[in-house]
Amino acid sequence: MEKSADVLLSDGTAAHLRQIRPGDAPAIVEFHSRMSDRTRYLRYFSPYPRIPERDLERFVNVDHRDREAFVLVNGPRIVAVGRYERFGPDAPEAEVALVVEDAYQGRGIGSVLLEHLAEAAQENGIARFVAEVLPENGGMLRVFSDFGYQIQRKYADGVVHLEFPIAPTEKSREVQESREQRTEARSIARLLAPRAVAVYGASASGQGIGAAMLGHLRDGGFTGTIVPVHRRADRVAGLPAYRSASEAGVAVDLALIAVPPEAVADAVEDAAASGAGGLVVVSAGFAEAGADGAVAQRALVERAHGAGLRVVGPNSMGIANTDASVRLNATLSPLLPAAGRVGFFSQSGALGVALLAEADRRGLGLSSFVSAGNRADVSGNDLLQYWQDDPGTDVVLLYLETFGNPRKFARLARRMSRVKPVVAVASATRPPGLAGDLPGPDAHAVTALFARSGVIRVDTVPELFDVGLLLAHQPLPAGRRVAVVGNSSALSQLAVAACRANGLTVAEGYPHDISPQAGAHDFADALADAAVDDRADALVVVFAPPLPGQLPDEDADFAAALAGVALAGEKPTVATFLLGNLPPRVPAYPSVEEAVRALGRVATYAEWLRRPPGVLPALSDVDPLAADVEGPPSELLAAYGIDVVPSTLATSVDTALEAASTLGYPVALKAAGGALRHRIDLGAVRLALADEDDLRAAYADLAANFGPDVLVQTMVAPGVACTVEVVEDPAFGPVVGFGLGGVASELLGDLAWRAAPLTDRAAEALVAEPKAAPLLHGYRGSAPVDRAALIDLLLRVGRLADDHPRLRSLMLNPVLARPDGISVLHAATEIGPPTSRPDTGPRRLRSP
């Protein structure tokens with residue numbers, strides 16, 4: 001199967017990379033002819049004006065093992081070639097060389113080719129690259145030196161000789177992810193700040209979706225040029241129309257396509273010819289319409305990427321940018337919310353207009369908005385990359401229906417949330433078929449997993465806006481202590497109960513209830529006192545209207561008193577204010593429960609932000625290349641420095657005696673049934689069998705009650721029974737679970753979960769989080785267990801889970817934890833087809 005990938009260049013344009021083919025010979029000759037004399041000299045160390053037939057034959061025919069070559073194509077043209085050639089059969093080194101057409105140099109192509117060549121070489125057992133570069137070829141020297149590899153450099157005979165290992169390093173991954181962020185952000189910036197927009201599908205009659213979008217674009221005050229494209233009309237919506245976008249004579253950056261699905265391909269071709277950088281495809285009838293539509297959608301993306309275009313949609317309801325210098329309303333909504341500092345991504349095209357209307361009703365100002373529709377190309381991950389450094393965006397809201405690249409989302413969200421808060425509506429369930437019937441995090445645990453990635457996960461769209469309003473207009477709380485102030489004891493008690501339910505603590509001295517007959521001055525004093533009270537980190541204000549006839553002229557004064565505190569910015573303030581209207585920047589909610597729930601979500605995020613991020617520690621005795629997922633679980637674990645206490649399956653008393661003799665007494669005897677082998681409470685385990693007589697008696701008893709199959713295992717010292725699990729979660733990829741053993745823990749689902757691989761802090765938190773964790777610290781006089789050994793085990797399991805996409809599940813149960821270390825008594829794995837790990841390897845545009 002041919003290796004290929006759509007990639008982004010440093011300017012944000014898309015391109016296609018693939019292995020070279022024998023049929024590429026004419027295109028290679030043409031590519032060579034377009035090179036300048038200088039480029040040919042730098043690549044071949046000689047003028048090399050033409051490619052001899054013998055060389056050409058060798059260039060395009062490679063075995064994809066000892067000799068590999070990738071080409072980068074733009075439409076039908078080859079614009080770059082990268083290749084490696086092994087020094088000899090099974091040699092660990094290969095020479096690498098790159099050449100890029102002059103017009104495409106300086107756009108990051110060399111680094112992309114090098115990433116893909118390194119991956120292919122590693123798959124074929126090559127560990128090091130060697131390159132020879134002329135000293136004057138500064139661009140190519142920078143490609144190698146800036147990559148993050150440990151490069152050995154020598155100068156001899158007028159040539160710079162470079163040699164470096166190609167296994168990914170922490171530095172090379174940092175470089176790769178930094179480049180990924182810049183390129184993806186630039187590709188989105190070109191969509192959201194276009195100089196000119198071409199509109200396909202706007203009728204001259206003013207009817208239809210295309211005409212509506214053109215009208216919204218025009219009436220929204222777009223500061224660039226609008227280019228209606230129409231095959232027959234000379235004017236559309238009062239603007240000059242063109243047969244082709246290129247006829248307008250302006251630099252088109254964005255194309256809005258609202259034509260029937262069968263006409264989309266022609267619109268894409270025309271937009272590409274005009275130099276556009278991206279498409280917003282409003283047209284429906286693609287993947288959402290069935291198998292044929294899915295095929296058409298794939299063809300659309302391939303055509304667009306081949307021409308250098310990003311795709312929003314299809315079945316999108318548009319994109320928007322409220323920046324005064326842009327004023328882009330390329331959506332189906334006639335009016336946008338006011339300009340603000342909240343970025344909003346919606347996967348749903350159908351809900352897009354309703355979401356914008358709700359944001360406007362709530363007074364939530366937006367910086368930019370993208371509706372991804374079918375999400376064939378541009379996804380929420382791309383927007384996270386863009387919003388991370390966007391100076392106009394302080395808060396990000398995401399409406400997500402599914403996860404296509406969960407590992408990348410988790411990685412980007414962790415990084416993004418350190419800079420700006422991310423709020424997401426996302427499913428907390430595990431869709432059937434994604435992880436089979438494997439156990440795994442329940443809805444509550446998935447919410448917690450989001451929180452530990454820094455993402456504030458909410459359950460509904462109203463909650464999304466509840467939290468967004470608070471983040472947009474209020475500071476983050478310094479802690480979880482809440483001052484409740486109000487004029488209704490009933491509402492105050494509701495607030496107290498809501499605080500407890502959302503993990504908040506009512507501050508000492510609160511709730512503070514003022515009399516229902518108190519005036520605005522008393523109300524203002526109470527709020528001012530709470531705002532400067534060192535015992536409180538946030539304020540919850542509850543206010544019911546006075547009785548009829550009381551204080552009729554003070555409505556505005558009460559609102560002003562609350563606004564004065566809420567807008568001062570000292571402490572976050574939420575309110576349930578049932579009298580008059582508050583300024584839009586004061587987060588007010590219809591019910592106390594909604595107000596406190598939003599505050600609780602934000603307090604959890606602020607708490608996460610205060611904790612320093614962990615690191616991935618180096619682990620000794622780890623050899624991923626020696627791991628065989630098809631082999632016995634004990635051998636797989638041994639490759640990661642995890643020992644499993646030896647055991648032998650026996651089917652009769654004689655084979656049990658033989659096994660015990662080999663292992664050495666004392667031994668343990670266990671029923672071999674998967675659900676029984678650790679069930680001491682059911683009598684399925686016999687411990688400390690000292691000799692043959694003990695074993696015969698124990699075997700007879702077990703065989704009579706549970707069948708003849710037993711496990712004979714070396715006896716180890718007792719300890720606290722623990723469980724370690726790995727499962728593949730649809731929202732986070734591989735996740736590691738930890739809990740204590742026993743029926744009660746299993747019944748209550750008392751497991752903590754973290755995404756793999758685990759940082760040192762994540763592993764420490766796993767050990768501390770289960771409700772039964774005090775048993776590990778020394779309970780009722782018992783000695784504390786070796787927590788460091790448990791943490792080390794979890795780090796190794798997390799690394800194993802991250803390295804092997806074929807590992808569907810792993811269960812270590814029981815793991816005995818003692819003061820002097822741990823013992824893994826049993827391991828079970830489930831192996832299946834490799835799960836998608838699209839956030840590993842070289843950069844590429846993947847199905848999001």
# chains A, B, ... in the order shown; residues from 1 in each chain; ligands from 1
>>> residues_around(residues="Glu247 in chain A", least_positions_apart="4", cutoff="12 Å", atoms="only C-alpha atoms", output="PDB file with C-alpha atoms, in the first residue's frame")
ATOM      1  CA  ALA A 198     -15.440  34.502  -3.995  1.00  0.00           C
ATOM      2  CA  VAL A 227     -16.441  38.413  -5.926  1.00  0.00           C
ATOM      3  CA  PRO A 228     -19.732  36.801  -7.012  1.00  0.00           C
ATOM      4  CA  VAL A 229     -19.082  34.031  -9.541  1.00  0.00           C
ATOM      5  CA  HIS A 230     -21.968  33.424 -11.948  1.00  0.00           C
ATOM      6  CA  PRO A 240     -20.235  42.949 -10.477  1.00  0.00           C
ATOM      7  CA  ALA A 241     -20.289  39.223 -11.211  1.00  0.00           C
ATOM      8  CA  TYR A 242     -17.600  37.206 -12.982  1.00  0.00           C
ATOM      9  CA  ARG A 243     -17.562  33.993 -14.962  1.00  0.00           C
ATOM     10  CA  ALA A 251      -6.169  38.066  -4.598  1.00  0.00           C
ATOM     11  CA  VAL A 252      -8.976  35.724  -3.518  1.00  0.00           C
ATOM     12  CA  ASP A 270     -12.080  27.644 -10.261  1.00  0.00           C
ATOM     13  CA  ALA A 271     -11.253  28.760  -6.707  1.00  0.00           C
ATOM     14  CA  ALA A 273      -7.105  28.781 -10.185  1.00  0.00           C
ATOM     15  CA  SER A 274      -7.772  32.139  -8.493  1.00  0.00           C
ATOM     16  CA  GLY A 275      -5.174  31.390  -5.776  1.00  0.00           C
TER      17      GLY A 275
END
>>> select_by_dssp(residues="range 299-542 of chain A", states="strand (DSSP E)", output="short mmCIF file (atom, residue, chain, number, x, y, z; two decimals) with C-alpha atoms, in the first residue's frame")
data_model
loop_
_atom_site.label_atom_id
_atom_site.label_comp_id
_atom_site.auth_asym_id
_atom_site.auth_seq_id
_atom_site.Cartn_x
_atom_site.Cartn_y
_atom_site.Cartn_z
CA ARG A 310 -8.19 23.84 3.27
CA VAL A 311 -11.86 22.84 3.47
CA VAL A 312 -14.47 23.94 6.02
CA GLY A 318 -20.18 29.21 7.55
CA ILE A 319 -17.47 31.15 9.35
CA ALA A 320 -17.27 34.61 10.88
CA ASN A 321 -14.76 37.11 12.22
CA LEU A 328 -16.57 38.76 7.97
CA ASN A 329 -20.07 37.27 8.15
CA ALA A 330 -19.79 34.31 5.82
CA THR A 331 -22.60 32.44 7.59
CA ALA A 339 -17.71 41.67 18.82
CA GLY A 340 -16.06 40.11 21.83
CA ARG A 341 -13.21 37.89 22.91
CA VAL A 342 -14.74 34.40 22.72
CA GLY A 343 -13.87 31.98 19.92
CA PHE A 344 -16.67 29.55 19.06
CA PHE A 345 -16.40 26.27 17.13
CA SER A 346 -19.46 24.23 16.22
CA LEU A 366 -17.52 36.55 19.81
CA SER A 367 -14.14 37.06 18.20
CA SER A 368 -14.57 34.39 15.53
CA PHE A 369 -16.86 31.48 14.70
CA VAL A 370 -16.47 28.35 12.58
CA SER A 371 -19.11 25.75 11.75
CA VAL A 395 -11.94 32.08 25.82
CA VAL A 396 -12.76 29.13 23.54
CA LEU A 397 -16.14 27.36 23.30
CA LEU A 398 -16.46 24.04 21.47
CA TYR A 399 -19.59 22.18 20.43
CA VAL A 422 -11.52 25.82 26.79
CA VAL A 423 -15.16 24.87 27.38
CA ALA A 424 -16.61 21.92 25.47
CA VAL A 425 -19.98 20.27 25.03
CA VAL A 455 -10.96 21.30 29.43
CA ILE A 456 -14.16 22.41 31.14
CA ARG A 457 -16.64 19.78 29.93
CA VAL A 458 -20.32 20.65 30.14
CA ARG A 481 -14.45 29.24 49.15
CA VAL A 482 -17.70 31.02 48.31
CA ALA A 483 -19.43 33.94 49.99
CA VAL A 484 -23.21 33.70 49.55
CA VAL A 485 -24.99 37.04 49.89
CA GLY A 486 -28.71 37.62 49.35
CA THR A 505 -17.10 25.41 50.21
CA VAL A 506 -19.32 28.04 51.77
CA HIS A 512 -25.03 36.54 54.71
CA ASP A 513 -28.74 37.29 54.47
CA ALA A 538 -15.85 34.07 44.92
CA LEU A 539 -19.31 35.55 45.40
CA VAL A 540 -22.74 34.06 44.78
CA VAL A 541 -25.41 36.74 44.92
CA VAL A 542 -29.09 35.81 45.21
#
>>> select_by_dssp(residues="range 439-535 of chain A", states="alpha helix (DSSP H)", output="number ranges by chain")
A: 443-452, 461-473, 489-501, 520-531
>>> write_last_selection(atoms="N, CA and C atoms", output="compact mmCIF listing (two decimals), in the first residue's frame")
# COMPACT_ATOMS: atom_id res chain seq x y z
N ALA A 443 -19.38 7.91 32.66
CA ALA A 443 -19.59 9.30 32.28
C ALA A 443 -18.91 10.25 33.25
N HIS A 444 -18.98 9.95 34.55
CA HIS A 444 -18.35 10.81 35.54
C HIS A 444 -16.84 10.82 35.34
N ALA A 445 -16.25 9.65 35.07
CA ALA A 445 -14.81 9.58 34.90
C ALA A 445 -14.37 10.30 33.63
N VAL A 446 -15.19 10.24 32.57
CA VAL A 446 -14.85 10.96 31.35
C VAL A 446 -14.83 12.47 31.61
N THR A 447 -15.81 12.94 32.37
CA THR A 447 -15.81 14.36 32.75
C THR A 447 -14.53 14.71 33.49
N ALA A 448 -14.11 13.84 34.40
CA ALA A 448 -12.89 14.08 35.15
C ALA A 448 -11.67 14.06 34.24
N LEU A 449 -11.67 13.15 33.24
CA LEU A 449 -10.56 13.11 32.30
C LEU A 449 -10.44 14.43 31.54
N PHE A 450 -11.58 14.98 31.13
CA PHE A 450 -11.55 16.29 30.48
C PHE A 450 -10.94 17.32 31.42
N ALA A 451 -11.39 17.34 32.65
CA ALA A 451 -10.91 18.33 33.60
C ALA A 451 -9.40 18.22 33.78
N ARG A 452 -8.87 16.99 33.76
CA ARG A 452 -7.44 16.82 33.95
C ARG A 452 -6.65 17.18 32.71
N VAL A 461 -25.79 22.73 25.81
CA VAL A 461 -25.47 24.03 25.22
C VAL A 461 -25.74 25.17 26.19
N PRO A 462 -26.86 25.18 26.93
CA PRO A 462 -27.03 26.26 27.92
C PRO A 462 -25.87 26.34 28.92
N GLU A 463 -25.36 25.18 29.37
CA GLU A 463 -24.21 25.21 30.27
C GLU A 463 -22.97 25.77 29.59
N LEU A 464 -22.83 25.50 28.30
CA LEU A 464 -21.70 26.05 27.56
C LEU A 464 -21.70 27.57 27.65
N PHE A 465 -22.86 28.18 27.46
CA PHE A 465 -22.96 29.63 27.54
C PHE A 465 -22.87 30.11 28.99
N ASP A 466 -23.40 29.33 29.92
CA ASP A 466 -23.29 29.70 31.34
C ASP A 466 -21.82 29.89 31.73
N VAL A 467 -21.02 28.91 31.39
CA VAL A 467 -19.60 28.96 31.76
C VAL A 467 -18.87 30.00 30.92
N GLY A 468 -19.22 30.08 29.64
CA GLY A 468 -18.57 31.05 28.76
C GLY A 468 -18.76 32.47 29.24
N LEU A 469 -19.97 32.80 29.68
CA LEU A 469 -20.23 34.14 30.19
C LEU A 469 -19.36 34.46 31.39
N LEU A 470 -19.25 33.52 32.28
CA LEU A 470 -18.46 33.73 33.49
C LEU A 470 -16.98 33.94 33.15
N LEU A 471 -16.45 33.10 32.26
CA LEU A 471 -15.05 33.22 31.88
C LEU A 471 -14.77 34.50 31.10
N ALA A 472 -15.74 34.92 30.29
CA ALA A 472 -15.53 36.08 29.45
C ALA A 472 -15.49 37.38 30.25
N HIS A 473 -16.18 37.43 31.38
CA HIS A 473 -16.36 38.71 32.07
C HIS A 473 -15.84 38.75 33.50
N SER A 489 -33.55 34.08 52.41
CA SER A 489 -32.93 32.94 53.08
C SER A 489 -33.20 31.64 52.32
N ALA A 490 -34.34 31.56 51.66
CA ALA A 490 -34.65 30.36 50.89
C ALA A 490 -33.67 30.20 49.72
N LEU A 491 -33.45 31.30 48.98
CA LEU A 491 -32.49 31.25 47.88
C LEU A 491 -31.07 31.01 48.39
N SER A 492 -30.74 31.59 49.54
CA SER A 492 -29.41 31.40 50.10
C SER A 492 -29.17 29.94 50.45
N GLN A 493 -30.18 29.28 51.01
CA GLN A 493 -30.02 27.86 51.34
C GLN A 493 -29.90 27.01 50.08
N LEU A 494 -30.61 27.39 49.03
CA LEU A 494 -30.43 26.69 47.75
C LEU A 494 -29.00 26.85 47.26
N ALA A 495 -28.45 28.05 47.44
CA ALA A 495 -27.08 28.30 47.01
C ALA A 495 -26.10 27.47 47.84
N VAL A 496 -26.33 27.35 49.13
CA VAL A 496 -25.46 26.55 49.99
C VAL A 496 -25.48 25.09 49.54
N ALA A 497 -26.67 24.57 49.28
CA ALA A 497 -26.78 23.17 48.83
C ALA A 497 -26.10 22.99 47.48
N ALA A 498 -26.26 23.97 46.59
CA ALA A 498 -25.64 23.87 45.26
C ALA A 498 -24.12 23.92 45.37
N CYS A 499 -23.59 24.72 46.28
CA CYS A 499 -22.14 24.78 46.48
C CYS A 499 -21.60 23.41 46.88
N ARG A 500 -22.27 22.77 47.82
CA ARG A 500 -21.82 21.45 48.26
C ARG A 500 -21.87 20.44 47.11
N ALA A 501 -22.91 20.52 46.30
CA ALA A 501 -23.07 19.57 45.19
C ALA A 501 -22.02 19.78 44.11
N ALA A 520 -31.21 49.40 48.99
CA ALA A 520 -30.07 49.19 48.10
C ALA A 520 -28.76 49.52 48.80
N HIS A 521 -28.78 50.49 49.71
CA HIS A 521 -27.54 50.87 50.40
C HIS A 521 -27.03 49.70 51.27
N ASP A 522 -27.94 49.05 52.01
CA ASP A 522 -27.55 47.90 52.82
C ASP A 522 -27.03 46.75 51.94
N PHE A 523 -27.71 46.57 50.81
CA PHE A 523 -27.30 45.52 49.88
C PHE A 523 -25.89 45.80 49.36
N ALA A 524 -25.64 47.04 49.00
CA ALA A 524 -24.32 47.41 48.49
C ALA A 524 -23.24 47.20 49.55
N ASP A 525 -23.54 47.55 50.80
CA ASP A 525 -22.57 47.36 51.88
C ASP A 525 -22.23 45.88 52.06
N ALA A 526 -23.26 45.03 52.04
CA ALA A 526 -23.02 43.60 52.22
C ALA A 526 -22.16 43.04 51.09
N LEU A 527 -22.43 43.47 49.86
CA LEU A 527 -21.63 43.00 48.73
C LEU A 527 -20.19 43.50 48.83
N ALA A 528 -20.03 44.76 49.21
CA ALA A 528 -18.68 45.32 49.31
C ALA A 528 -17.87 44.60 50.38
N ASP A 529 -18.50 44.27 51.50
CA ASP A 529 -17.81 43.55 52.56
C ASP A 529 -17.36 42.17 52.07
N ALA A 530 -18.23 41.48 51.35
CA ALA A 530 -17.89 40.14 50.85
C ALA A 530 -16.76 40.21 49.82
N ALA A 531 -16.78 41.27 49.01
CA ALA A 531 -15.77 41.40 47.95
C ALA A 531 -14.36 41.54 48.51
>>> residues_around(residues="range 182-189 of chain A", least_positions_apart="2", cutoff="10 Å", atoms="only C-alpha atoms", output="NGL selection string")
:A and (7-14 or 107-108 or 177-180 or 191-194 or 277-278 or 309-310 or 312 or 370 or 378 or 381-390 or 845)
>>> atom_distance(atom1="CA of Glu635 in chain A", atom2="CA of Glu728 in chain A")
21.2 Å
>>> atom_distance(atom1="CA of Arg844 in chain A", atom2="CA of Ala5 in chain A")
5.8 Å
>>> residues_around(residues="Ala324 in chain A", least_positions_apart="6", cutoff="10 Å", atoms="only C-alpha atoms", output="PyMOL selection string")
chain A and resi 221-223+339
>>> write_last_selection(atoms="all heavy atoms", output="compact mmCIF listing (two decimals), in the first residue's frame")
# COMPACT_ATOMS: atom_id res chain seq x y z
N GLY A 221 -20.72 44.32 6.39
CA GLY A 221 -19.66 45.31 6.29
C GLY A 221 -18.29 44.72 6.04
O GLY A 221 -17.28 45.31 6.46
N PHE A 222 -18.21 43.58 5.34
CA PHE A 222 -16.92 42.97 5.03
C PHE A 222 -15.99 44.01 4.42
O PHE A 222 -16.35 44.71 3.47
CB PHE A 222 -17.11 41.79 4.09
CG PHE A 222 -15.83 41.14 3.63
CD1 PHE A 222 -14.90 40.68 4.55
CD2 PHE A 222 -15.56 41.00 2.27
CE1 PHE A 222 -13.72 40.09 4.13
CE2 PHE A 222 -14.38 40.40 1.85
CZ PHE A 222 -13.46 39.95 2.77
N THR A 223 -14.78 44.09 4.97
CA THR A 223 -13.87 45.15 4.55
C THR A 223 -13.08 44.81 3.28
O THR A 223 -12.42 45.69 2.72
CB THR A 223 -12.87 45.46 5.68
OG1 THR A 223 -12.15 44.26 6.01
CG2 THR A 223 -13.60 45.97 6.91
N ALA A 339 -19.13 42.01 18.74
CA ALA A 339 -17.71 41.67 18.82
C ALA A 339 -17.32 41.44 20.28
O ALA A 339 -17.76 42.16 21.18
CB ALA A 339 -16.87 42.78 18.21
>>> closest_residue(among="A:Ala568, A:Leu609, A:Ile28, A:Ala372", to="Phe59 in chain A", atoms="only C-alpha atoms")
A:Ile28
>>> atom_distance(atom1="CA of Arg585 in chain A", atom2="CA of Ala518 in chain A")
25.3 Å
>>> closest_residue(among="A:Val565, A:Leu616, A:Ala291, A:Val716", to="Gly664 in chain A", atoms="only C-alpha atoms")
A:Val716
>>> closest_residue(among="A:Val720, A:Val112, A:Leu599, A:Val130", to="Gly741 in chain A", atoms="only C-alpha atoms")
A:Val720
>>> residues_around(residues="Pro590 in chain A", least_positions_apart="3", cutoff="9 Å", atoms="only C-alpha atoms", output="list in words")
Ala575, Thr576, Phe577, Leu578, Glu593, Glu594 and Ala595 of chain A
